[in-house]
$ cat target_28.tsv   # TSV, C-alpha atoms
chain	number	residue	atom	x	y	z
A	1	MET	CA	-16.06	4.58	-7.32
A	2	GLY	CA	-13.15	6.69	-8.55
A	3	LEU	CA	-11.45	9.85	-7.34
A	4	ARG	CA	-14.37	12.27	-7.56
A	5	SER	CA	-16.59	10.64	-4.93
A	6	ARG	CA	-13.72	10.45	-2.40
A	7	PHE	CA	-11.95	13.69	-3.23
A	8	ALA	CA	-12.46	15.50	0.10
A	9	GLU	CA	-11.02	12.51	1.97
A	10	VAL	CA	-8.12	12.17	-0.49
A	11	ARG	CA	-7.29	15.89	-0.27
A	12	ASP	CA	-7.10	15.72	3.53
A	13	PHE	CA	-4.84	12.66	3.28
A	14	VAL	CA	-2.43	14.50	0.95
A	15	PHE	CA	-2.22	17.44	3.36
A	16	GLU	CA	-1.81	15.27	6.47
A	17	GLN	CA	1.01	13.21	4.92
A	18	ASN	CA	2.62	16.28	3.28
A	19	LEU	CA	3.22	14.34	0.09
A	20	ASP	CA	5.55	15.72	-2.58
A	21	VAL	CA	4.09	13.60	-5.38
A	22	PHE	CA	0.76	11.75	-5.26
A	23	LEU	CA	-0.12	9.09	-7.86
A	24	VAL	CA	-3.69	7.98	-8.52
A	25	GLN	CA	-4.97	5.11	-10.66
A	26	GLU	CA	-8.50	4.27	-11.79
A	27	THR	CA	-9.56	7.90	-11.47
A	28	PHE	CA	-12.84	7.43	-13.41
A	29	LEU	CA	-12.88	11.20	-14.00
A	30	PRO	CA	-15.46	12.60	-16.47
A	31	PRO	CA	-14.38	15.09	-19.15
A	32	GLY	CA	-14.40	18.69	-17.97
A	33	PHE	CA	-13.90	17.90	-14.28
A	34	THR	CA	-10.44	18.07	-12.68
A	35	PRO	CA	-10.26	17.96	-8.85
A	36	LEU	CA	-7.67	20.53	-7.73
A	37	ILE	CA	-5.60	20.60	-4.54
A	38	ALA	CA	-4.09	23.86	-3.27
A	39	ASN	CA	-0.30	24.16	-3.84
A	40	TYR	CA	-0.29	21.14	-6.18
A	41	GLN	CA	-0.33	20.85	-9.94
A	42	VAL	CA	-2.31	17.96	-11.39
A	43	TYR	CA	-1.84	16.11	-14.68
A	44	ARG	CA	-4.21	13.42	-15.88
A	45	ASN	CA	-4.64	10.93	-18.69
A	46	ASP	CA	-8.13	9.54	-19.12
A	47	ARG	CA	-8.84	6.24	-20.81
A	48	ILE	CA	-10.37	6.76	-24.22
A	49	ASN	CA	-14.03	5.70	-24.16
A	50	ILE	CA	-14.28	3.99	-27.55
A	51	ASN	CA	-17.59	2.22	-26.93
A	52	ARG	CA	-19.38	5.49	-26.00
A	53	ARG	CA	-20.25	4.12	-22.57
A	54	THR	CA	-21.94	6.52	-20.18
A	55	HIS	CA	-19.54	5.63	-17.36
A	56	ASN	CA	-15.85	6.47	-17.30
A	57	PHE	CA	-13.30	3.76	-16.57
A	58	GLY	CA	-9.59	3.65	-15.83
A	59	GLY	CA	-7.44	6.73	-16.06
A	60	THR	CA	-4.41	7.93	-14.09
A	61	CYS	CA	-3.22	11.24	-12.69
A	62	ILE	CA	-0.32	12.79	-10.78
A	63	TYR	CA	-0.43	15.56	-8.16
A	64	ILE	CA	2.93	17.29	-7.64
A	65	LYS	CA	3.89	20.13	-5.30
A	66	SER	CA	4.20	23.45	-7.08
A	67	THR	CA	7.59	24.12	-5.46
A	68	ILE	CA	9.26	21.09	-7.05
A	69	GLU	CA	11.18	21.55	-10.30
A	70	TYR	CA	9.37	19.38	-12.84
A	71	HIS	CA	7.77	19.20	-16.26
A	72	ARG	CA	5.23	16.92	-17.86
A	73	VAL	CA	6.34	14.20	-20.29
A	74	PRO	CA	4.13	12.92	-23.14
A	75	THR	CA	2.91	9.38	-22.58
A	76	PRO	CA	3.86	6.83	-25.26
A	77	GLU	CA	1.07	5.05	-27.06
A	78	LEU	CA	-0.09	2.21	-24.79
A	79	VAL	CA	-2.54	-0.61	-25.46
A	80	SER	CA	-3.23	-2.32	-22.14
A	81	MET	CA	-1.91	0.15	-19.56
A	82	ASP	CA	-2.94	3.63	-18.41
A	83	ALA	CA	-0.13	6.02	-17.46
A	84	THR	CA	0.74	9.63	-16.65
A	85	ILE	CA	4.37	10.82	-16.60
A	86	VAL	CA	6.22	13.78	-15.05
A	87	GLU	CA	9.95	14.38	-14.78
A	88	ILE	CA	11.39	15.90	-11.61
A	89	LYS	CA	14.81	17.33	-10.78
A	90	ILE	CA	16.35	16.71	-7.35
A	91	GLY	CA	19.41	18.79	-6.64
A	92	SER	CA	22.36	18.02	-8.90
A	93	HIS	CA	21.16	14.47	-9.55
A	94	PRO	CA	19.96	13.35	-13.00
A	95	PRO	CA	16.23	13.93	-13.62
A	96	ILE	CA	13.83	11.16	-12.65
A	97	LYS	CA	10.70	10.22	-14.55
A	98	ILE	CA	7.80	9.33	-12.24
A	99	ILE	CA	5.01	7.29	-13.80
A	100	SER	CA	1.56	6.65	-12.37
A	101	ALA	CA	0.66	3.32	-14.00
A	102	TYR	CA	-2.33	0.99	-14.09
A	103	ALA	CA	-2.17	-2.44	-15.73
A	104	ARG	CA	-5.60	-3.48	-16.96
A	105	ALA	CA	-6.75	-6.85	-15.69
A	106	GLY	CA	-8.00	-9.71	-17.82
A	107	MET	CA	-5.62	-9.32	-20.78
A	108	THR	CA	-5.37	-12.59	-22.72
A	109	GLY	CA	-1.58	-12.59	-22.95
A	110	GLY	CA	-1.07	-11.77	-19.28
A	111	PHE	CA	0.84	-8.75	-18.03
A	112	PRO	CA	1.31	-6.14	-20.83
A	113	LEU	CA	5.09	-6.33	-21.14
A	114	VAL	CA	5.18	-4.33	-24.39
A	115	ASP	CA	3.61	-1.33	-22.66
A	116	LEU	CA	5.91	-1.75	-19.66
A	117	GLN	CA	8.96	-1.77	-21.93
A	118	LYS	CA	7.89	1.56	-23.43
A	119	LEU	CA	7.59	3.08	-19.96
A	120	LEU	CA	10.95	1.70	-18.81
A	121	LYS	CA	12.61	3.10	-21.96
A	122	SER	CA	11.15	6.57	-21.37
A	123	GLY	CA	14.33	7.60	-19.51
A	124	PRO	CA	17.53	6.40	-17.81
A	125	ASN	CA	16.11	6.93	-14.29
A	126	VAL	CA	12.49	5.85	-13.89
A	127	ILE	CA	9.98	5.09	-11.13
A	128	ILE	CA	6.85	3.21	-12.22
A	129	ALA	CA	4.36	2.94	-9.38
A	130	GLY	CA	0.71	2.07	-9.08
A	131	HIS	CA	-1.87	-0.67	-9.42
A	132	LEU	CA	-0.06	-3.25	-11.54
A	133	ASN	CA	-2.37	-6.21	-10.81
A	134	ALA	CA	0.71	-8.41	-10.35
A	135	ALA	CA	0.81	-10.60	-7.23
A	136	HIS	CA	3.88	-12.73	-6.49
A	137	ILE	CA	5.16	-14.49	-3.40
A	138	ALA	CA	8.50	-12.71	-3.88
A	139	TRP	CA	6.58	-9.44	-3.41
A	140	ASN	CA	4.93	-10.47	-0.13
A	141	SER	CA	1.69	-11.83	-1.58
A	142	PRO	CA	0.33	-15.17	-0.30
A	143	ARG	CA	0.01	-16.43	-3.88
A	144	THR	CA	1.35	-15.79	-7.36
A	145	SER	CA	-0.97	-14.63	-10.14
A	146	PHE	CA	-0.60	-15.08	-13.90
A	147	TYR	CA	0.31	-11.39	-14.22
A	148	GLY	CA	2.76	-11.60	-11.32
A	149	ARG	CA	4.61	-14.62	-12.70
A	150	LYS	CA	5.03	-13.03	-16.14
A	151	LEU	CA	6.20	-9.70	-14.72
A	152	PHE	CA	8.59	-11.35	-12.25
A	153	ASN	CA	10.21	-13.54	-14.93
A	154	TYR	CA	10.66	-10.55	-17.23
A	155	LEU	CA	12.24	-8.25	-14.62
A	156	GLN	CA	14.65	-10.97	-13.47
A	157	GLY	CA	16.63	-10.57	-16.67
A	158	ILE	CA	17.09	-6.78	-16.50
A	159	ASN	CA	19.99	-5.10	-14.71
A	160	GLY	CA	19.41	-2.00	-12.61
A	161	ILE	CA	15.77	-2.84	-11.81
A	162	ASN	CA	14.47	-3.00	-8.25
A	163	VAL	CA	10.89	-3.85	-7.28
A	164	LEU	CA	9.59	-2.45	-3.99
A	165	ALA	CA	6.60	-4.10	-2.36
A	166	PRO	CA	5.12	-3.41	1.10
A	167	HIS	CA	5.15	-6.15	3.73
A	168	SER	CA	1.38	-5.87	4.30
A	169	PRO	CA	-1.45	-6.25	1.73
A	170	THR	CA	-2.34	-3.29	-0.48
A	171	HIS	CA	-5.57	-4.82	-1.81
A	172	ILE	CA	-8.32	-5.99	0.55
A	173	ASN	CA	-10.33	-8.64	-1.29
A	174	LEU	CA	-13.80	-9.62	-0.13
A	175	HIS	CA	-13.78	-13.05	-1.77
A	176	THR	CA	-10.21	-14.34	-1.66
A	177	TRP	CA	-6.73	-13.59	-0.33
A	178	ASP	CA	-5.59	-10.08	0.51
A	179	THR	CA	-2.71	-9.37	-1.88
A	180	VAL	CA	0.11	-6.95	-2.66
A	181	ILE	CA	-0.57	-5.72	-6.20
A	182	ASP	CA	0.36	-2.04	-5.82
A	183	LEU	CA	4.09	-1.97	-6.53
A	184	ALA	CA	6.94	0.37	-7.38
A	185	ILE	CA	9.46	-0.52	-10.11
A	186	LEU	CA	12.67	1.50	-9.78
A	187	LYS	CA	15.13	1.76	-12.66
A	188	ARG	CA	18.59	3.10	-11.71
A	189	ILE	CA	17.37	5.20	-8.78
A	190	PRO	CA	20.46	6.21	-6.73
A	191	PHE	CA	18.59	6.85	-3.46
A	192	HIS	CA	17.82	4.62	-0.50
A	193	SER	CA	14.08	3.93	-0.52
A	194	GLN	CA	11.36	2.62	1.78
A	195	ILE	CA	7.77	1.62	1.08
A	196	ARG	CA	4.86	1.14	3.48
A	197	VAL	CA	1.07	0.90	3.57
A	198	LYS	CA	-1.25	3.34	5.34
A	199	ASN	CA	-4.56	2.03	6.66
A	200	ASP	CA	-6.41	5.14	5.52
A	201	LEU	CA	-9.05	6.03	2.92
A	202	ASN	CA	-12.24	4.15	2.13
A	203	SER	CA	-11.02	1.95	-0.68
A	204	ASP	CA	-10.20	-1.69	-1.26
A	205	HIS	CA	-6.76	-0.43	-2.35
A	206	LEU	CA	-4.87	0.99	0.61
A	207	PRO	CA	-2.58	4.00	0.00
A	208	VAL	CA	1.11	3.15	-0.36
A	209	ILE	CA	3.85	5.64	0.58
A	210	LEU	CA	7.26	5.46	-1.13
A	211	THR	CA	10.03	7.48	0.54
A	212	LEU	CA	13.30	8.39	-1.17
A	213	ASP	CA	16.21	9.52	1.00
A	214	THR	CA	17.70	12.02	-1.46
A	215	GLY	CA	20.07	13.62	1.06
A	216	SER	CA	19.67	16.97	-0.69
A	217	PHE	CA	17.23	19.81	-1.05
A	218	PRO	CA	15.17	20.14	-4.25
A	219	ILE	CA	15.79	23.24	-6.34
A	220	TYR	CA	12.73	25.44	-6.05
A	221	SER	CA	11.53	27.72	-8.83
A	222	PRO	CA	12.19	31.39	-7.92
A	223	GLU	CA	8.56	32.39	-8.45
A	224	HIS	CA	7.50	30.01	-5.66
A	225	PHE	CA	9.53	31.42	-2.77
A	226	SER	CA	10.72	34.71	-1.27
A	227	THR	CA	14.30	35.02	0.06
A	228	ASN	CA	15.59	37.46	2.68
A	229	TRP	CA	19.07	38.03	1.21
A	230	GLU	CA	20.38	39.87	4.27
A	231	ASN	CA	19.42	36.88	6.37
A	232	PHE	CA	20.94	34.60	3.70
A	233	ARG	CA	24.28	36.45	4.00
A	234	HIS	CA	24.14	36.29	7.80
A	235	ILE	CA	23.42	32.53	7.89
A	236	LEU	CA	26.04	31.79	5.24
A	237	SER	CA	28.73	33.55	7.27
A	238	PHE	CA	28.37	30.85	9.98
A	239	LYS	CA	28.47	27.89	7.59
A	240	PRO	CA	31.74	25.90	7.23
A	241	LEU	CA	33.33	26.33	3.82
A	242	PRO	CA	34.58	23.33	1.80
A	243	PRO	CA	38.33	22.57	1.93
A	244	CYS	CA	40.41	24.83	-0.32
A	245	LYS	CA	43.14	22.27	-1.01
A	246	ILE	CA	42.25	20.74	-4.36
A	247	THR	CA	44.77	18.45	-6.06
A	248	SER	CA	42.56	16.26	-8.27
A	249	ASN	CA	39.30	16.19	-10.18
A	250	ASP	CA	37.69	14.19	-7.36
A	251	ASP	CA	38.67	16.89	-4.85
A	252	ALA	CA	37.11	19.50	-7.14
A	253	ASP	CA	33.88	17.49	-7.49
A	254	ASN	CA	33.63	17.00	-3.72
A	255	ALA	CA	34.24	20.69	-3.05
A	256	VAL	CA	31.61	21.77	-5.58
A	257	GLY	CA	29.09	19.31	-4.14
A	258	CYS	CA	29.81	20.50	-0.59
A	259	LEU	CA	29.47	24.17	-1.58
A	260	SER	CA	26.24	23.45	-3.47
A	261	LYS	CA	24.74	21.71	-0.45
A	262	ILE	CA	25.72	24.61	1.84
A	263	LEU	CA	24.12	27.15	-0.51
A	264	LYS	CA	20.90	25.12	-0.79
A	265	GLU	CA	20.65	24.69	2.98
A	266	THR	CA	21.20	28.42	3.50
A	267	LEU	CA	18.65	29.29	0.80
A	268	ALA	CA	16.05	27.02	2.43
A	269	GLU	CA	16.65	28.58	5.87
A	270	ALA	CA	16.44	32.16	4.55
A	271	SER	CA	13.40	31.66	2.30
A	272	THR	CA	9.65	31.58	2.80
A	273	GLN	CA	7.52	29.61	0.36
A	274	LYS	CA	4.77	31.51	-1.42
A	275	PHE	CA	1.96	29.06	-0.82
A	276	LYS	CA	-1.67	29.73	-1.43
A	277	ASP	CA	-3.97	29.30	1.51
A	278	SER	CA	-4.51	25.58	1.93
A	279	SER	CA	-8.01	24.28	1.45
A	280	GLU	CA	-9.92	23.81	4.66
A	281	LYS	CA	-10.04	20.26	5.92
A	282	LEU	CA	-13.23	18.44	6.70
A	283	PRO	CA	-14.47	19.10	10.25
A	284	ILE	CA	-12.79	17.00	12.91
A	285	GLY	CA	-16.06	15.16	13.62
A	286	ILE	CA	-16.30	13.92	10.03
A	287	ARG	CA	-12.63	12.96	9.93
A	288	ASP	CA	-13.02	10.93	13.13
A	289	LYS	CA	-15.97	9.11	11.58
A	290	ILE	CA	-13.91	8.39	8.46
A	291	HIS	CA	-11.23	6.67	10.56
A	292	LEU	CA	-13.95	4.73	12.40
A	293	ARG	CA	-15.61	3.72	9.14
A	294	ASN	CA	-12.28	2.43	7.77
A	295	TYR	CA	-11.77	0.43	10.97
A	296	PHE	CA	-15.20	-1.24	10.71
A	297	ARG	CA	-14.63	-1.95	7.02
A	298	ARG	CA	-11.35	-3.75	7.68
A	299	GLN	CA	-12.86	-5.70	10.57
A	300	TRP	CA	-15.79	-6.82	8.40
A	301	GLN	CA	-13.43	-7.93	5.62
A	302	ARG	CA	-11.33	-9.94	8.05
A	303	THR	CA	-14.02	-11.46	10.30
A	304	ARG	CA	-17.25	-11.36	8.24
A	305	ASP	CA	-19.06	-10.43	11.45
A	306	PRO	CA	-22.41	-8.88	10.31
A	307	GLU	CA	-22.30	-6.42	13.22
A	308	PHE	CA	-19.18	-4.77	11.74
A	309	ARG	CA	-20.92	-4.62	8.37
A	310	ARG	CA	-23.99	-2.87	9.83
A	311	GLU	CA	-21.82	-0.35	11.65
A	312	PHE	CA	-19.78	0.29	8.52
A	313	TYR	CA	-22.81	1.13	6.38
A	314	ARG	CA	-24.42	3.20	9.15
A	315	ILE	CA	-21.33	5.38	9.58
A	316	LYS	CA	-20.79	5.52	5.82
A	317	ASP	CA	-24.27	7.01	5.32
A	318	GLU	CA	-23.69	9.50	8.15
A	319	ILE	CA	-20.40	10.63	6.60
A	320	ALA	CA	-21.99	11.10	3.18
A	321	GLU	CA	-24.83	13.20	4.59
A	322	GLU	CA	-22.65	15.30	6.91
A	323	THR	CA	-20.09	15.92	4.16
A	324	LYS	CA	-22.86	17.03	1.79
A	325	GLN	CA	-24.29	19.42	4.38
A	326	HIS	CA	-20.82	20.77	5.17
A	327	LEU	CA	-20.08	21.52	1.52
A	328	LEU	CA	-23.51	23.12	1.00
A	329	GLN	CA	-23.01	25.30	4.06
A	330	LYS	CA	-19.52	26.30	2.91
A	331	ARG	CA	-20.87	27.25	-0.51
A	332	ALA	CA	-23.71	29.24	1.03
A	333	GLU	CA	-21.20	31.14	3.19
A	334	GLN	CA	-19.08	31.94	0.15
A	335	ILE	CA	-22.10	33.28	-1.72
A	336	ALA	CA	-23.23	35.31	1.33
A	337	SER	CA	-19.77	36.86	1.63
A	338	LEU	CA	-19.92	38.32	-1.89
A	339	THR	CA	-20.56	42.07	-2.19
A	340	PRO	CA	-21.24	44.30	-5.21
A	341	ASP	CA	-17.61	45.48	-4.98
A	342	SER	CA	-16.18	41.97	-4.88
A	343	PRO	CA	-14.03	41.22	-7.97
A	344	SER	CA	-15.22	37.60	-8.02
A	345	LEU	CA	-18.94	38.46	-7.96
A	346	CYS	CA	-19.31	38.47	-11.75
A	347	ARG	CA	-17.44	35.20	-12.19
A	348	ARG	CA	-19.37	33.53	-9.39
A	349	SER	CA	-22.73	34.65	-10.77
A	350	LYS	CA	-21.85	33.29	-14.22
A	351	LEU	CA	-20.90	29.93	-12.71
A	352	LEU	CA	-24.20	29.74	-10.82
A	353	ARG	CA	-26.28	30.57	-13.92
A	354	LYS	CA	-24.37	28.32	-16.30
A	355	PRO	CA	-25.88	24.82	-16.56
A	356	TYR	CA	-23.41	21.97	-16.10
A	357	SER	CA	-22.81	19.85	-19.17
A	358	LEU	CA	-20.30	17.12	-19.93
A	359	ILE	CA	-17.66	17.90	-22.54
A	360	PRO	CA	-17.51	14.96	-24.96
A	361	PRO	CA	-14.22	13.98	-26.61
A	362	LEU	CA	-13.52	15.14	-30.15
A	363	ARG	CA	-14.28	12.38	-32.64
A	364	GLY	CA	-12.86	11.82	-36.10
A	365	GLU	CA	-14.61	10.82	-39.31
A	366	THR	CA	-14.80	7.20	-38.18
A	367	GLY	CA	-16.62	8.15	-34.99
A	368	TYR	CA	-13.76	7.20	-32.68
A	369	PRO	CA	-12.15	9.71	-30.29
A	370	ALA	CA	-9.41	11.74	-31.96
A	371	LEU	CA	-5.91	11.22	-30.51
A	372	ALA	CA	-3.21	13.85	-30.33
A	373	PRO	CA	-0.23	13.13	-32.60
$ encode --input "target_28.tsv" --output "structure tokens"
Amino acid sequence: MGLRSRFAEVRDFVFEQNLDVFLVQETFLPPGFTPLIANYQVYRNDRININRRTHNFGGTCIYIKSTIEYHRVPTPELVSMDATIVEIKIGSHPPIKIISAYARAGMTGGFPLVDLQKLLKSGPNVIIAGHLNAAHIAWNSPRTSFYGRKLFNYLQGINGINVLAPHSPTHINLHTWDTVIDLAILKRIPFHSQIRVKNDLNSDHLPVILTLDTGSFPIYSPEHFSTNWENFRHILSFKPLPPCKITSNDDADNAVGCLSKILKETLAEASTQKFKDSSEKLPIGIRDKIHLRNYFRRQWQRTRDPEFRREFYRIKDEIAEETKQHLLQKRAEQIASLTPDSPSLCRRSKLLRKPYSLIPPLRGETGYPALAP
């Protein structure tokens, strides 16, 4: 179903979990439509629709907090994987490339190792996470798939690689075993990490949360926070200073690291982040029904009791209708709040009069979508 049909639920999940980076695979987003989340930047890569199909398939995207120091990285040319890449900076540590990756199923040669090699070579410190379609008993799946065996054998021969897999299934399958196919591949990541599954969202792929214990504060961009420097000076005066006795390079490195940590802690305590107003969450009644719907869905998948199935579809229809009415009411209230003096009146009126139309990709002389160099 893709990201668009579940966006309100996904947005609430991001806010509730206070995620720093959020990776999405199989977005199925149409051209010209990008779902935005307040206080997050989003970057997406859509799968090129060569066959001119009316439906969109595949695609990946990354949501990242605006306060994190980052920049986007061009994606290498891939054949059988979809990917989006950003590079983040955490304190004084080397930058880390974070990759939202999807390995397409049904490839004749098995797992696309050539594409994976390109992603692993994109930097010295890399996290590749997402729907990799690779099940292996070493990664807590009840069985090993063709993709999983090929990926496992390949990674065994590489130093500095660590694969993180949750202990519970990430993919709920209606016809066969529940499996763990949403993985994280870490290349030379110097932080302690944990991975777990959340039983949220209405999807056969459960959300997976990867936590890195960085032990330091990220460096925020100045335009994203406001600092009370008098308060900064006052707080700093009570902080312990690093030892002044320095007799070696190691002592100097330790003192600089200690001073840097003290300054970052003081800056965080004396600063207020300049966030936009967060988007309103869905009403509590709808959110409660979402949790109930997810419960009935899991029970139906595990027991095949038709009563759970009936309840699931009944609540699902109620959620869809109530969410639609809520969004229509919210839009009507926004329109009613506009006045002739409102600066957004002109822009809003143009949006209401402008008919919606899909933006097709640019095509070359051969008729295929044009690719950026």
$ atom_distance --input "target_28.tsv" --atom1 "atom CA of Gly59 of chain A" --atom2 "atom CA of Val42 of chain A"
13.2 Å
$ residues_around --input "target_28.tsv" --residues "Thr75 of chain A" --least-positions-apart "5" --cutoff "8 Å" --atoms "all atoms listed in the file" --output "list in words"
Ala83, Thr84 and Ile85 of chain A
$ closest_residue --input "target_28.tsv" --among "A:Ser168, A:Asn254, A:Ser92, A:Asn162" --to "Val208 of chain A" --atoms "only C-alpha atoms"
A:Ser168
$ residues_around --input "target_28.tsv" --residues "Lys239 of chain A" --least-positions-apart "2" --cutoff "9 Å" --atoms "all atoms listed in the file" --output "list in words"
Ile235, Leu236, Ser237, Leu241, Ile262 and Thr266 of chain A
$ residues_around --input "target_28.tsv" --residues "Ile64 of chain A" --least-positions-apart "5" --cutoff "6 Å" --atoms "all atoms listed in the file" --output "ChimeraX atom specification"
/A:20-21,40-41
$ closest_residue --input "target_28.tsv" --among "A:Asp250, A:Asp200, A:Leu328, A:Asp46" --to "Tyr295 of chain A" --atoms "only C-alpha atoms"
A:Asp200
$ residues_near_point --input "target_28.tsv" --point "(17.7, 34.6, 9.1)" --cutoff "7 Å" --atoms "all atoms listed in the file" --output "list in words"
Asn231, Phe232, His234, Ile235, Glu269 and Ala270 of chain A
$ residues_around --input "target_28.tsv" --residues "Lys281 of chain A" --least-positions-apart "4" --cutoff "9 Å" --atoms "all atoms listed in the file" --output "NGL selection string"
:A and (8-9 or 11-12 or 15 or 287)
$ residues_around --input "target_28.tsv" --residues "Ser193 of chain A" --least-positions-apart "4" --cutoff "8 Å" --atoms "only C-alpha atoms" --output "list in words"
Leu210, Thr211, Leu212 and Asp213 of chain A
$ closest_residue --input "target_28.tsv" --among "A:Met107, A:Lys118, A:Leu155, A:Ile96" --to "Pro76 of chain A" --atoms "all atoms listed in the file"
A:Lys118
$ closest_residue --input "target_28.tsv" --among "A:Ile88, A:Lys187, A:Asn173, A:Ser66" --to "Lys121 of chain A" --atoms "only C-alpha atoms"
A:Lys187
